[in-house]
Structure formats: structure tokens, C-alpha cells
Amino acid sequence: MHQPGFQKLFQLTLSMPALAGAAQSSYLDRILRIEERAASSADEGPRRRRRVPQTDGGLQERLRQFEEGRAQSAVAALSVAAAERRRTEHTLRKFAPVLGDNPRAVKKFLNTYSVLRSIRFLEDVHVDPDALALWSLITVRWPNIAHHLAACPEAVAGIRDPLWCPDHFPEPLRSAATSADLRAVVTSPDGGPLTSDLIRQCCGASAAPC
């Protein structure tokens, strides 16, 4: 039987501690599990080769070659995946100083970057990883600004130069569009400065000239 009010019993509002400096970097590393993965790779060692049943020499040799081929393919795939993971970790760690001090925002940034990167890959759209990280930051920290830029990428000029802001943003968005933190992200030397073309690449086929 449904009890009115019970569904609200455990909905609590809790304040999260702010992150800054070393604590922020440590939190980001923990999410990426850099140290854990490195230790796991070091301890894994050589994989045990599967025992081949004792049969006639020709069949045994063919089975051995088959097993070795599978092992080499697996090692090659793992090497590619490890290299790609290291590139991703390096890309994301660079942006720790501009992630803000909200732990949820840090986690959301990582998830947003991963999702957007996968979608752009499926769309066969090449996007600079650093530029995509900047766009992910804007999407997480300034979602209304990101929505406006996705519909009108040229509006980024109003962020780079606040004098042009009234020409590119409606009045409710101008305060956020002229914030120093947002301008620092848009003009970052890592992946930026973001241009209308880069924003279109980050948005895939959804962005168009306004």
C-alpha cells in the first residue's frame, strides 16, 4: 500500500565541501584512478599461457600458434587502450584549475567529456581533445551559455570581448557571458581560444551559423 510522504523521507539536502588546490587535483586523480591503474598494470605481469592438450605434434603446434596469435592481438589492443587512456587523463588533468570547487561538477565534467567524445567519434567528427574539454567545462558550469552558443556559435565573440556581449547575448545571459571565469575558459591556451568553428566541431551537426 502506498504511504503518502514516505517517498520524501530520505530526500536530504547536504552541503558538499569545496575543493581547491591539492585537494581538487587529488579528487580528480581519484576519479581517473591513475595510480590504481598504474599499479594494476605493474602487478599484472605476463599472462599465463593456456595449456595445450597433448596431441599429435602438428595439431599441437597449430593450437600453440593460434593461442600465441590471440595473445598478441590482446596485448596490442590493451596497449592502444592504455595509450588512449593516458592521453585522456593528461588532457583532463590540465583543466583541474578551472573546474571550480564543486565535487559534483568535477565528476559531471568527466562524464560530459567522455560522452561528447564518444558521440563525435561515432559521427566521424574530428575535434581537438583540449577544445572538447573546454566545451565540456562550459556545458557543465554555464549550461545556458552553452545552449546559446550551440545555437549561435558566433556569439563566442561576445565572451572574448565583453564590449561585443550586448550584440550577441540576450540581457538575462550577459552577466554570465561577461564573467572572468568563463572568459578564462574560452581564451585558454590549452585548446583555445574557442572560435565559432571549434564550437561547431564540439557540437557536431547540431550547431549552425546564426
# chains A, B, ... in the order shown; residues from 1 in each chain; ligands from 1

$ residues_around --residues "A:Thr178" --least-positions-apart "2" --cutoff "8 Å" --atoms "only C-alpha atoms" --output "PyMOL selection string"
chain A and resi 158-159+162+165+174-176+180+182-183

$ residues_around --residues "A:Val156" --least-positions-apart "6" --cutoff "9 Å" --atoms "only C-alpha atoms" --output "number ranges by chain"
A: 149, 165, 168, 177, 186, 194-196, 199

$ residues_around --residues "A:Leu198" --least-positions-apart "5" --cutoff "9 Å" --atoms "only C-alpha atoms" --output "count of residues only"
8

$ select_by_dssp --residues "stretch 134-210 of chain A" --states "alpha helix (DSSP H)" --output "JSON, numbers by chain"
{"A": [134, 135, 136, 137, 138, 139, 140, 141, 143, 144, 145, 146, 147, 148, 149, 150, 151, 157, 158, 159, 160, 165, 166, 167, 168, 171, 172, 173, 174, 175, 176, 177, 180, 181, 182, 183, 184, 185, 186, 196, 197, 198, 199, 200, 201, 202, 203]}

$ closest_residue --among "A:Asp190, A:Asp124, A:Asp181, A:Asp197" --to "A:Val98" --atoms "only C-alpha atoms"
A:Asp181

$ residues_around --residues "stretch 113-116 of chain A" --least-positions-apart "6" --cutoff "9 Å" --atoms "only C-alpha atoms" --output "PDB file with N, CA and C atoms, in the first residue's frame"
ATOM      1  N   LEU A  92      42.537  15.825 -19.344  1.00  0.00           N
ATOM      2  CA  LEU A  92      41.610  16.267 -18.315  1.00  0.00           C
ATOM      3  C   LEU A  92      42.316  16.867 -17.107  1.00  0.00           C
ATOM      4  N   LEU A 132      37.523  20.191 -26.912  1.00  0.00           N
ATOM      5  CA  LEU A 132      36.329  19.487 -26.432  1.00  0.00           C
ATOM      6  C   LEU A 132      36.246  19.553 -24.911  1.00  0.00           C
ATOM      7  N   ALA A 133      37.389  19.517 -24.241  1.00  0.00           N
ATOM      8  CA  ALA A 133      37.397  19.638 -22.781  1.00  0.00           C
ATOM      9  C   ALA A 133      36.909  21.026 -22.362  1.00  0.00           C
ATOM     10  N   TRP A 135      34.874  22.945 -24.070  1.00  0.00           N
ATOM     11  CA  TRP A 135      33.435  22.984 -24.330  1.00  0.00           C
ATOM     12  C   TRP A 135      32.670  22.202 -23.263  1.00  0.00           C
ATOM     13  N   SER A 136      33.223  21.091 -22.805  1.00  0.00           N
ATOM     14  CA  SER A 136      32.583  20.313 -21.738  1.00  0.00           C
ATOM     15  C   SER A 136      32.489  21.134 -20.457  1.00  0.00           C
ATOM     16  N   LEU A 137      33.546  21.901 -20.175  1.00  0.00           N
ATOM     17  CA  LEU A 137      33.532  22.774 -19.000  1.00  0.00           C
ATOM     18  C   LEU A 137      32.401  23.795 -19.087  1.00  0.00           C
ATOM     19  N   CYS A 202      32.693  20.837 -31.774  1.00  0.00           N
ATOM     20  CA  CYS A 202      32.363  20.249 -30.484  1.00  0.00           C
ATOM     21  C   CYS A 202      30.893  19.839 -30.410  1.00  0.00           C
ATOM     22  N   CYS A 203      30.035  20.589 -31.109  1.00  0.00           N
ATOM     23  CA  CYS A 203      28.596  20.299 -31.100  1.00  0.00           C
ATOM     24  C   CYS A 203      28.209  19.306 -32.184  1.00  0.00           C
TER      25      CYS A 203
END
